[in-house]
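**Student:** Structure file entry.txt, compact mmCIF, C-alpha atoms, is pasted below:
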```txt
# COMPACT_ATOMS: atom_id res chain seq x y z
CA MET H 9 59.79 95.58 107.18
CA SER H 10 63.11 93.99 106.23
CA GLU H 11 65.48 95.23 103.51
CA LEU H 12 64.59 92.24 101.39
CA ALA H 13 60.89 92.76 101.86
CA ARG H 14 61.10 96.35 100.58
CA ARG H 15 62.24 95.00 97.19
CA GLY H 16 58.80 93.53 96.66
CA ARG H 17 56.85 90.41 97.41
CA PRO H 18 55.03 88.10 95.00
CA PRO H 19 51.58 89.43 94.07
CA SER H 20 48.37 87.87 95.24
CA ASP H 21 46.51 85.76 92.71
CA GLY H 22 43.15 87.03 93.90
CA GLY H 23 41.51 90.14 95.24
CA PRO H 24 41.28 91.42 98.79
CA GLY H 25 41.07 88.65 101.32
CA LYS H 26 42.30 86.05 98.86
CA PRO H 27 45.28 83.88 99.88
CA ARG H 28 48.64 84.89 98.48
CA ARG H 29 49.97 82.52 95.84
CA ARG H 30 52.93 80.28 96.61
CA PRO H 31 56.23 82.06 95.84
CA ASN H 32 58.35 80.67 93.02
CA ILE H 33 61.97 80.81 91.93
CA ASP H 34 61.41 84.10 90.03
CA ASP H 35 60.14 85.73 93.21
CA VAL H 36 63.24 84.60 95.07
CA ALA H 37 65.50 85.96 92.33
CA ARG H 38 63.70 89.31 92.33
CA LEU H 39 63.86 89.66 96.11
CA ALA H 40 67.54 88.64 96.30
CA GLY H 41 68.49 90.89 93.38
CA VAL H 42 70.04 88.05 91.37
CA SER H 43 69.19 86.12 88.23
CA ARG H 44 66.87 83.13 88.07
CA GLN H 45 69.85 80.98 87.03
CA THR H 46 71.77 82.03 90.14
CA VAL H 47 68.91 80.87 92.36
CA SER H 48 68.86 77.60 90.41
CA ASN H 49 72.61 77.20 90.98
CA VAL H 50 72.12 77.68 94.72
CA LEU H 51 69.22 75.21 94.86
CA ASN H 52 71.21 72.59 92.97
CA GLY H 53 74.40 73.12 94.97
CA ARG H 54 76.55 74.38 92.08
CA SER H 55 78.88 76.23 94.45
CA ALA H 56 81.40 77.08 91.73
CA TYR H 57 78.90 79.54 90.25
CA PHE H 58 78.05 81.71 93.24
CA SER H 59 79.83 83.44 96.11
CA ALA H 60 79.21 83.17 99.84
CA ASP H 61 77.61 86.64 99.75
CA THR H 62 75.25 85.56 96.96
CA LEU H 63 74.37 82.39 98.87
CA ALA H 64 73.49 84.51 101.91
CA LYS H 65 71.24 86.80 99.83
CA VAL H 66 69.41 83.92 98.18
CA THR H 67 68.87 81.96 101.39
CA ALA H 68 67.68 85.12 103.15
CA ALA H 69 65.18 85.72 100.33
CA MET H 70 63.93 82.13 100.55
CA ASP H 71 63.46 82.55 104.30
CA GLU H 72 61.68 85.88 103.81
CA LEU H 73 59.26 84.33 101.31
CA ALA H 74 58.98 80.98 103.10
CA TYR H 75 59.94 79.50 99.73
CA GLN H 76 59.96 75.71 99.47
CA PRO H 77 61.69 74.35 96.33
CA ASN H 78 59.93 71.61 94.43
CA ARG H 79 62.34 68.78 95.10
CA ALA H 80 60.53 66.38 92.81
CA ALA H 81 60.87 68.79 89.88
CA GLN H 82 64.53 69.36 90.70
CA THR H 83 65.13 65.63 90.69
CA LEU H 84 63.44 65.13 87.31
CA ARG H 85 65.41 67.97 85.70
CA SER H 86 68.82 67.10 87.10
CA GLN H 87 68.45 63.30 87.29
CA ARG H 88 69.69 63.63 90.85
CA SER H 89 68.03 62.69 94.11
CA MET H 90 69.64 65.62 95.99
CA GLN H 91 70.33 63.09 98.75
CA ILE H 92 73.64 61.92 100.19
CA GLY H 93 73.78 58.64 102.08
CA TYR H 94 75.59 58.37 105.42
CA HIS H 95 76.47 54.88 106.61
CA MET H 96 76.60 54.21 110.33
CA SER H 97 77.61 50.99 112.04
CA GLY H 98 75.67 49.54 114.95
CA GLU H 99 78.40 50.70 117.32
CA GLU H 100 78.06 54.30 116.13
CA LEU H 101 74.32 54.18 116.75
CA GLU H 102 74.82 53.44 120.45
CA ILE H 103 73.60 56.24 122.69
CA VAL H 104 76.96 56.42 124.47
CA LYS H 105 78.63 57.60 121.27
CA GLY H 106 78.14 61.31 121.93
CA PHE H 107 80.59 62.35 119.22
CA THR H 108 78.49 60.62 116.57
CA LEU H 109 75.53 62.87 117.32
CA SER H 110 77.65 66.03 117.08
CA PHE H 111 79.10 64.93 113.75
CA LEU H 112 75.73 63.90 112.32
CA GLN H 113 74.21 67.28 113.24
CA ALA H 114 77.10 69.08 111.51
CA LEU H 115 76.74 66.85 108.44
CA ILE H 116 73.00 67.48 108.11
CA LYS H 117 73.53 71.24 108.42
CA ALA H 118 76.39 71.30 105.89
CA ALA H 119 74.34 69.26 103.41
CA ALA H 120 71.28 71.49 103.80
CA GLN H 121 73.35 74.58 103.01
CA GLN H 122 74.08 73.05 99.60
CA GLY H 123 70.52 71.85 98.97
CA TYR H 124 71.07 68.20 99.91
CA GLN H 125 69.43 65.90 102.45
CA ILE H 126 71.30 63.27 104.47
CA VAL H 127 69.90 59.72 104.38
CA VAL H 128 71.21 57.63 107.27
CA PHE H 129 71.44 53.87 106.75
CA THR H 130 73.04 50.92 108.51
CA HIS H 131 73.49 47.19 107.90
CA ASN H 132 72.82 43.83 109.53
CA GLY H 133 75.51 41.27 110.17
CA ASP H 134 79.25 41.64 109.75
CA ASP H 135 79.41 42.55 106.05
CA PRO H 136 78.10 46.03 105.09
CA ARG H 137 78.54 45.52 101.33
CA PRO H 138 75.10 43.97 100.57
CA VAL H 139 73.27 47.09 101.76
CA PHE H 140 75.67 49.23 99.73
CA ARG H 141 74.99 47.17 96.59
CA GLU H 142 71.25 47.59 97.13
CA LEU H 143 71.63 51.34 97.62
CA ILE H 144 73.74 51.65 94.47
CA ALA H 145 71.29 49.58 92.41
CA ARG H 146 68.30 51.66 93.47
CA ARG H 147 70.12 54.96 92.81
CA ASN H 148 68.50 56.48 95.87
CA VAL H 149 71.45 58.76 96.62
CA ASP H 150 73.88 60.87 94.60
CA ALA H 151 76.85 60.10 96.85
CA VAL H 152 77.78 58.31 100.07
CA ILE H 153 79.76 59.41 103.12
CA VAL H 154 81.38 56.79 105.32
CA SER H 155 83.00 57.25 108.72
CA GLU H 156 84.85 55.03 111.19
CA SER H 157 86.64 53.85 108.06
CA ARG H 158 89.41 51.31 107.96
CA VAL H 159 92.43 52.08 105.78
CA ASP H 160 91.53 49.21 103.44
CA ASP H 161 87.78 49.68 103.72
CA PRO H 162 85.55 47.21 101.78
CA ARG H 163 82.78 49.81 101.57
CA VAL H 164 85.10 52.26 99.84
CA ARG H 165 86.45 49.61 97.46
CA LEU H 166 82.90 48.81 96.38
CA LEU H 167 82.01 52.49 95.91
CA ALA H 168 85.20 53.08 93.89
CA GLU H 169 84.47 50.07 91.66
CA THR H 170 80.90 51.19 90.91
CA GLY H 171 81.82 54.85 90.40
CA LEU H 172 79.34 56.25 92.93
CA PRO H 173 80.77 59.50 94.35
CA PHE H 174 81.82 59.23 97.98
CA ALA H 175 83.86 60.81 100.75
CA SER H 176 85.34 59.24 103.87
CA PHE H 177 85.82 60.60 107.37
CA GLY H 178 89.06 58.69 107.91
CA ARG H 179 92.15 57.85 105.86
CA LEU H 180 92.24 55.31 103.06
CA ALA H 181 94.80 52.99 101.44
CA PRO H 182 97.04 54.67 98.83
CA GLU H 183 95.60 52.64 95.94
CA LEU H 184 92.05 53.88 96.73
CA PRO H 185 90.72 57.30 95.67
CA GLN H 186 91.93 59.72 98.32
CA GLN H 187 88.47 61.10 98.99
CA TRP H 188 89.05 61.44 102.71
CA VAL H 189 89.11 64.09 105.42
CA ASP H 190 90.68 63.37 108.80
CA ILE H 191 92.43 64.92 111.78
CA ASP H 192 96.05 64.63 112.88
CA ASN H 193 95.50 62.55 116.02
CA ALA H 194 99.14 62.51 117.08
CA ALA H 195 99.58 66.28 116.73
CA GLY H 196 96.39 66.87 118.71
CA MET H 197 97.61 64.70 121.56
CA ILE H 198 101.05 66.32 121.55
CA SER H 199 99.40 69.73 121.96
CA LEU H 200 97.39 68.37 124.88
CA VAL H 201 100.54 67.10 126.58
CA ASP H 202 102.19 70.50 126.13
CA TYR H 203 99.21 72.09 127.85
CA LEU H 204 99.19 69.59 130.74
CA VAL H 205 102.93 69.85 131.36
CA ALA H 206 102.77 73.65 131.31
CA THR H 207 99.91 73.45 133.84
CA GLY H 208 102.16 71.45 136.19
CA TYR H 209 101.10 67.81 135.88
CA ARG H 210 103.96 65.32 136.08
CA ARG H 211 102.65 61.74 136.56
CA TYR H 212 100.28 60.35 133.98
CA ALA H 213 98.12 57.35 133.11
CA TYR H 214 96.52 56.67 129.72
CA ILE H 215 93.17 54.93 129.11
CA GLY H 216 91.65 54.06 125.75
CA ALA H 217 88.75 52.10 124.32
CA GLU H 218 89.52 48.59 123.13
CA GLY H 219 90.38 47.98 119.49
CA SER H 220 93.28 48.48 117.09
CA ASP H 221 91.84 51.27 114.94
CA TYR H 222 94.61 53.46 113.55
CA TRP H 223 93.33 56.58 115.29
CA LYS H 224 93.47 54.84 118.69
CA LEU H 225 97.08 53.84 118.05
CA GLU H 226 97.96 57.34 116.84
CA ARG H 227 96.53 59.01 119.92
CA LEU H 228 98.53 56.79 122.26
CA GLN H 229 101.70 57.28 120.21
CA GLY H 230 101.11 61.02 120.12
CA PHE H 231 100.78 60.99 123.91
CA ARG H 232 104.08 59.12 124.28
CA ASP H 233 105.78 61.46 121.80
CA GLY H 234 104.45 64.48 123.64
CA LEU H 235 105.86 63.26 126.93
CA ALA H 236 109.19 62.47 125.28
CA ARG H 237 109.44 66.10 124.14
CA HIS H 238 109.45 67.02 127.81
CA SER H 239 111.95 64.26 128.77
CA MET H 240 109.16 62.22 130.36
CA ALA H 241 108.08 58.63 129.77
CA LEU H 242 105.00 56.47 130.26
CA ASP H 243 105.31 53.03 131.86
CA ASP H 244 103.40 50.20 130.20
CA ASP H 245 101.68 49.57 133.55
CA ASP H 246 100.11 53.03 133.28
CA VAL H 247 98.42 52.27 129.95
CA PHE H 248 95.10 50.42 129.65
CA HIS H 249 92.65 49.63 126.83
CA GLY H 250 89.36 47.85 127.41
CA SER H 251 85.57 47.91 127.52
CA ASP H 252 83.64 50.38 129.69
CA VAL H 253 83.27 47.81 132.47
CA GLU H 254 86.97 46.94 132.37
CA ILE H 255 87.91 50.62 132.29
CA ARG H 256 85.83 51.31 135.40
CA GLU H 257 87.55 48.53 137.33
CA TRP H 258 91.02 49.56 136.17
CA ILE H 259 90.44 53.20 137.18
CA ARG H 260 89.23 52.11 140.62
CA HIS H 261 92.40 50.07 141.06
CA LEU H 262 94.54 52.94 139.76
CA LEU H 263 93.03 55.57 142.04
CA THR H 264 93.03 53.46 145.20
CA ALA H 265 96.69 52.50 144.82
CA ARG H 266 99.28 53.96 147.15
CA SER H 267 100.61 56.33 144.49
CA ARG H 268 98.07 57.59 141.99
CA PRO H 269 98.74 59.74 138.88
CA ASP H 270 98.27 63.51 138.68
CA ALA H 271 96.36 63.21 135.42
CA ILE H 272 94.44 60.60 133.45
CA VAL H 273 94.56 61.16 129.69
CA THR H 274 91.91 59.28 127.70
CA SER H 275 91.36 58.48 124.02
CA SER H 276 87.85 59.99 123.84
CA ASP H 277 85.33 62.08 125.73
CA SER H 278 83.24 58.94 126.29
CA VAL H 279 86.11 57.28 128.17
CA ALA H 280 86.79 60.53 130.01
CA ALA H 281 83.16 60.63 131.19
CA VAL H 282 83.55 57.13 132.65
CA ALA H 283 86.70 58.24 134.48
CA VAL H 284 84.95 61.33 135.88
CA ASN H 285 82.09 59.18 137.23
CA VAL H 286 84.48 56.77 138.95
CA CYS H 287 86.34 59.66 140.56
CA HIS H 288 83.06 61.06 141.90
CA ALA H 289 82.16 57.63 143.30
CA LEU H 290 85.50 57.51 145.13
CA GLY H 291 85.01 60.97 146.60
CA LEU H 292 87.69 62.63 144.47
CA GLN H 293 87.18 66.12 143.05
CA VAL H 294 88.09 66.15 139.38
CA GLY H 295 90.18 69.17 138.48
CA ARG H 296 91.52 69.47 142.02
CA ASP H 297 92.49 65.98 143.25
CA ILE H 298 93.14 64.62 139.78
CA ALA H 299 92.97 65.87 136.19
CA ILE H 300 91.10 64.05 133.41
CA THR H 301 91.19 64.87 129.70
CA GLY H 302 89.28 63.64 126.66
CA PHE H 303 89.54 63.70 122.89
CA ASP H 304 86.56 64.81 120.73
CA GLY H 305 85.40 68.05 122.29
CA GLY H 306 81.78 67.16 121.58
CA ALA H 307 78.57 66.95 123.56
CA MET H 308 79.66 64.10 125.83
CA GLY H 309 82.38 66.14 127.52
CA LEU H 310 79.88 68.91 128.28
CA LEU H 311 77.58 66.58 130.23
CA THR H 312 80.05 65.89 133.04
CA GLU H 313 80.68 68.02 136.11
CA PRO H 314 83.14 69.57 135.70
CA THR H 315 83.21 69.71 131.90
CA VAL H 316 86.08 67.85 130.25
CA THR H 317 89.24 69.49 128.93
CA SER H 318 89.58 67.91 125.51
CA VAL H 319 91.18 67.89 122.08
CA ARG H 320 88.35 69.20 119.93
CA ILE H 321 87.66 67.65 116.52
CA PRO H 322 86.27 70.47 114.29
CA VAL H 323 83.20 68.57 113.09
CA GLU H 324 81.70 71.61 111.33
CA ARG H 325 84.71 72.03 109.05
CA ILE H 326 85.05 68.28 108.47
CA ALA H 327 81.36 67.96 107.55
CA GLY H 328 81.64 70.89 105.15
CA GLU H 329 84.73 69.41 103.49
CA LEU H 330 83.04 66.01 103.08
CA ILE H 331 79.93 67.51 101.51
CA ALA H 332 82.07 69.66 99.20
CA ARG H 333 84.06 66.64 98.03
CA CYS H 334 80.88 64.70 97.28
CA GLN H 335 79.38 67.65 95.46
CA GLN H 336 82.46 68.16 93.29
CA GLU H 337 82.45 64.53 92.21
CA ILE H 338 78.69 64.55 91.60
CA GLU H 339 79.10 67.51 89.27
CA ASN H 340 82.51 66.85 87.68
CA GLY H 341 83.40 63.19 88.19
CA PRO H 342 86.59 61.92 89.91
CA THR H 343 88.81 64.81 90.93
CA GLY H 344 91.99 62.94 91.92
CA ARG H 345 92.42 65.26 94.89
CA PRO H 346 94.64 64.21 97.82
CA GLY H 347 93.22 63.61 101.28
CA LEU H 348 92.99 66.43 103.80
CA LEU H 349 94.22 66.59 107.39
CA VAL H 350 92.34 69.14 109.51
CA PRO H 351 93.99 70.57 112.66
CA THR H 352 92.47 70.15 116.12
CA GLU H 353 92.35 72.54 119.06
CA ILE H 354 92.38 72.34 122.85
CA VAL H 355 89.10 73.12 124.60
CA ARG H 356 89.54 73.89 128.29
CA GLY H 357 87.02 72.57 130.77
CA GLY H 358 87.14 72.29 134.53
CA SER H 359 88.64 68.79 134.55
CA ALA H 360 92.27 69.85 133.94
```
The structure given in the file should be rewritten as structure tokens.
**Tutor:**
Amino acid sequence: MSELARRGRPPSDGGPGKPRRRPNIDDVARLAGVSRQTVSNVLNGRSAYFSADTLAKVTAAMDELAYQPNRAAQTLRSQRSMQIGYHMSGEELEIVKGFTLSFLQALIKAAAQQGYQIVVFTHNGDDPRPVFRELIARRNVDAVIVSESRVDDPRVRLLAETGLPFASFGRLAPELPQQWVDIDNAAGMISLVDYLVATGYRRYAYIGAEGSDYWKLERLQGFRDGLARHSMALDDDDVFHGSDVEIREWIRHLLTARSRPDAIVTSSDSVAAVAVNVCHALGLQVGRDIAITGFDGGAMGLLTEPTVTSVRIPVERIAGELIARCQQEIENGPTGRPGLLVPTEIVRGGSA
């Protein structure tokens, strides 16, 4: 019997052989050794009123009792849905976007730890604002998280105007609420270059997905800056951005040329996976004949053989920070906090 169980379980409503009654919040409090209000604070995500140790005790007690909170009652009492919306574009929903799955899993887990559910929604057409207006009017969610954000993002402008709490995975324009969490793309790429140079690679090519998103530009600039720190340069002919089909053709041309690079650095694990497949098709052994690196450090890079050396985006921390920002604004209103840059790390695979 567990330590929690020895503190006592809820009594049975009937005699021998009768089913045990459904545990309630008082049973959880008794088993965890805390007050009823503390359990309520945990269930309603009021993180300012309990410690990590208390959270662990309460969640362990709920698991021990198989306690299921009455979400409908919580909603009526608090006038909250205990749901946070997460908007995804059609591009993010594509199966090839392996990073999206890793981030969504981390977001769902971080929300659940604070008593919230994630509601995923998307939009039709080019303008996402109509579906946002509908969501706001129905009051189905307490806050919204957006990702793949543009600096001057129309979704964020609408959310700021209506006062619905939100957080953004990606930087925002200075005149918007700075409710964002992001990574330092340039610094991450510079660290990767330091690692590659120290490993002995000298001739490089760079491949990125098409588009002018700021993070794509930052990663390329960070790569150039990293090389410059080692008195090295990147020729424009060794840089390519395009679709998957165009990337495949360009890599084939690059690797069948008379003088091929020592290493191919890519803007994402998805692009790196394409490069690995082309190398296999050409009979090249990745990690021996040529190095390939990615940027994400998510599930996609683990599916290749060998696995991809990558700049890892710490999705667990980012998801936790986004949920915390939403929760603070749900409870206290606009905080006026600045945005947050989260550091990356290098994850070594067999590809470089």
**Student:** List every protein, DNA or RNA residue with an atom no more than 10 Å from (81.3, 63.4, 118.2) in the file's coordinates, counting all atoms listed in the file, and format the result as a count of residues only.
**Tutor:** 25
**Student:** Residues at most 6 Å from range 209-220 of chain H, counting all atoms listed in the file, excluding those fewer than 2 positions away in the same chain, as a PyMOL selection string?
**Tutor:** chain H and resi 204-205+246-251+269-275
**Student:** Could you tell me how far CA of Gln187 in chain H lies from CA of Gly344 in chain H, in Å and to one decimal?
**Tutor:**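 Distance reported for this atom pair: 8.1 Å.
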**Student:** So how far away is CA of Glu72 in chain H from CA of Ile33 in chain H, in Å?
**Tutor:**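 Spanning CA of Ile33 in chain H to CA of Glu72 in chain H is a straight-line distance of 12.9 Å.
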**Student:** For a test of reading the model, state the distance in Å between CA of Gln122 in chain H and CA of Leu63 in chain H, rounded to one decimal.
**Tutor:**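 Computed distance, CA of Gln122 in chain H to CA of Leu63 in chain H, equals 9.4 Å.
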**Student:** Given the block above, output range 55-66 of chain H with all heavy atoms as an mmCIF file, in the first residue's frame.
**Tutor:**
```cif
data_model
loop_
_atom_site.group_PDB
_atom_site.id
_atom_site.type_symbol
_atom_site.label_atom_id
_atom_site.label_comp_id
_atom_site.auth_asym_id
_atom_site.auth_seq_id
_atom_site.Cartn_x
_atom_site.Cartn_y
_atom_site.Cartn_z
ATOM 1 N N SER H 55 -1.599 28.968 -9.697
ATOM 2 C CA SER H 55 -0.247 28.521 -9.351
ATOM 3 C C SER H 55 0.450 29.424 -8.341
ATOM 4 O O SER H 55 1.434 29.017 -7.723
ATOM 5 C CB SER H 55 0.607 28.417 -10.618
ATOM 6 O OG SER H 55 0.637 29.646 -11.314
ATOM 7 N N ALA H 56 -0.030 30.658 -8.171
ATOM 8 C CA ALA H 56 0.593 31.559 -7.211
ATOM 9 C C ALA H 56 0.328 31.121 -5.774
ATOM 10 O O ALA H 56 0.985 31.607 -4.845
ATOM 11 C CB ALA H 56 0.077 32.984 -7.419
ATOM 12 N N TYR H 57 -0.609 30.208 -5.570
ATOM 13 C CA TYR H 57 -1.029 29.841 -4.223
ATOM 14 C C TYR H 57 -0.581 28.447 -3.793
ATOM 15 O O TYR H 57 -1.006 27.951 -2.753
ATOM 16 C CB TYR H 57 -2.560 29.929 -4.114
ATOM 17 C CG TYR H 57 -3.083 31.318 -4.381
ATOM 18 C CD1 TYR H 57 -3.643 31.642 -5.609
ATOM 19 C CD2 TYR H 57 -3.001 32.320 -3.407
ATOM 20 C CE1 TYR H 57 -4.123 32.917 -5.865
ATOM 21 C CE2 TYR H 57 -3.470 33.594 -3.659
ATOM 22 C CZ TYR H 57 -4.028 33.888 -4.892
ATOM 23 O OH TYR H 57 -4.489 35.154 -5.145
ATOM 24 N N PHE H 58 0.269 27.804 -4.585
ATOM 25 C CA PHE H 58 0.776 26.503 -4.146
ATOM 26 C C PHE H 58 2.161 26.273 -4.747
ATOM 27 O O PHE H 58 2.512 26.831 -5.785
ATOM 28 C CB PHE H 58 -0.173 25.361 -4.527
ATOM 29 C CG PHE H 58 -0.490 25.267 -5.997
ATOM 30 C CD1 PHE H 58 0.353 24.603 -6.875
ATOM 31 C CD2 PHE H 58 -1.643 25.847 -6.519
ATOM 32 C CE1 PHE H 58 0.070 24.514 -8.222
ATOM 33 C CE2 PHE H 58 -1.947 25.760 -7.864
ATOM 34 C CZ PHE H 58 -1.086 25.095 -8.719
ATOM 35 N N SER H 59 2.943 25.448 -4.059
ATOM 36 C CA SER H 59 4.308 25.153 -4.484
ATOM 37 C C SER H 59 4.339 23.928 -5.384
ATOM 38 O O SER H 59 3.340 23.189 -5.497
ATOM 39 C CB SER H 59 5.191 24.902 -3.257
ATOM 40 O OG SER H 59 4.769 23.717 -2.593
ATOM 41 N N ALA H 60 5.497 23.690 -5.993
ATOM 42 C CA ALA H 60 5.660 22.502 -6.833
ATOM 43 C C ALA H 60 5.503 21.234 -6.002
ATOM 44 O O ALA H 60 4.946 20.230 -6.473
ATOM 45 C CB ALA H 60 7.027 22.533 -7.516
ATOM 46 N N ASP H 61 5.973 21.268 -4.750
ATOM 47 C CA ASP H 61 5.842 20.098 -3.875
ATOM 48 C C ASP H 61 4.371 19.821 -3.561
ATOM 49 O O ASP H 61 3.924 18.675 -3.565
ATOM 50 C CB ASP H 61 6.623 20.345 -2.578
ATOM 51 C CG ASP H 61 6.571 19.148 -1.645
ATOM 52 O OD1 ASP H 61 6.993 18.059 -2.063
ATOM 53 O OD2 ASP H 61 6.098 19.308 -0.499
ATOM 54 N N THR H 62 3.613 20.901 -3.287
ATOM 55 C CA THR H 62 2.186 20.741 -3.021
ATOM 56 C C THR H 62 1.458 20.209 -4.248
ATOM 57 O O THR H 62 0.589 19.339 -4.150
ATOM 58 C CB THR H 62 1.569 22.080 -2.587
ATOM 59 O OG1 THR H 62 2.194 22.507 -1.376
ATOM 60 C CG2 THR H 62 0.079 21.951 -2.358
ATOM 61 N N LEU H 63 1.807 20.728 -5.419
ATOM 62 C CA LEU H 63 1.200 20.244 -6.663
ATOM 63 C C LEU H 63 1.437 18.747 -6.821
ATOM 64 O O LEU H 63 0.521 17.993 -7.186
ATOM 65 C CB LEU H 63 1.783 20.999 -7.863
ATOM 66 C CG LEU H 63 1.365 20.504 -9.253
ATOM 67 C CD1 LEU H 63 -0.137 20.646 -9.439
ATOM 68 C CD2 LEU H 63 2.118 21.266 -10.343
ATOM 69 N N ALA H 64 2.662 18.302 -6.516
ATOM 70 C CA ALA H 64 2.984 16.877 -6.645
ATOM 71 C C ALA H 64 2.148 16.035 -5.687
ATOM 72 O O ALA H 64 1.646 14.960 -6.052
ATOM 73 C CB ALA H 64 4.471 16.654 -6.384
ATOM 74 N N LYS H 65 1.964 16.513 -4.447
ATOM 75 C CA LYS H 65 1.171 15.777 -3.465
ATOM 76 C C LYS H 65 -0.292 15.667 -3.895
ATOM 77 O O LYS H 65 -0.917 14.603 -3.790
ATOM 78 C CB LYS H 65 1.248 16.461 -2.100
ATOM 79 C CG LYS H 65 2.600 16.357 -1.412
ATOM 80 C CD LYS H 65 2.576 17.086 -0.075
ATOM 81 C CE LYS H 65 3.928 17.019 0.629
ATOM 82 N NZ LYS H 65 3.916 17.782 1.902
ATOM 83 N N VAL H 66 -0.837 16.783 -4.375
ATOM 84 C CA VAL H 66 -2.243 16.788 -4.768
ATOM 85 C C VAL H 66 -2.480 15.907 -5.992
ATOM 86 O O VAL H 66 -3.431 15.122 -6.036
ATOM 87 C CB VAL H 66 -2.730 18.230 -5.024
ATOM 88 C CG1 VAL H 66 -4.143 18.230 -5.617
ATOM 89 C CG2 VAL H 66 -2.703 19.040 -3.738
#
```
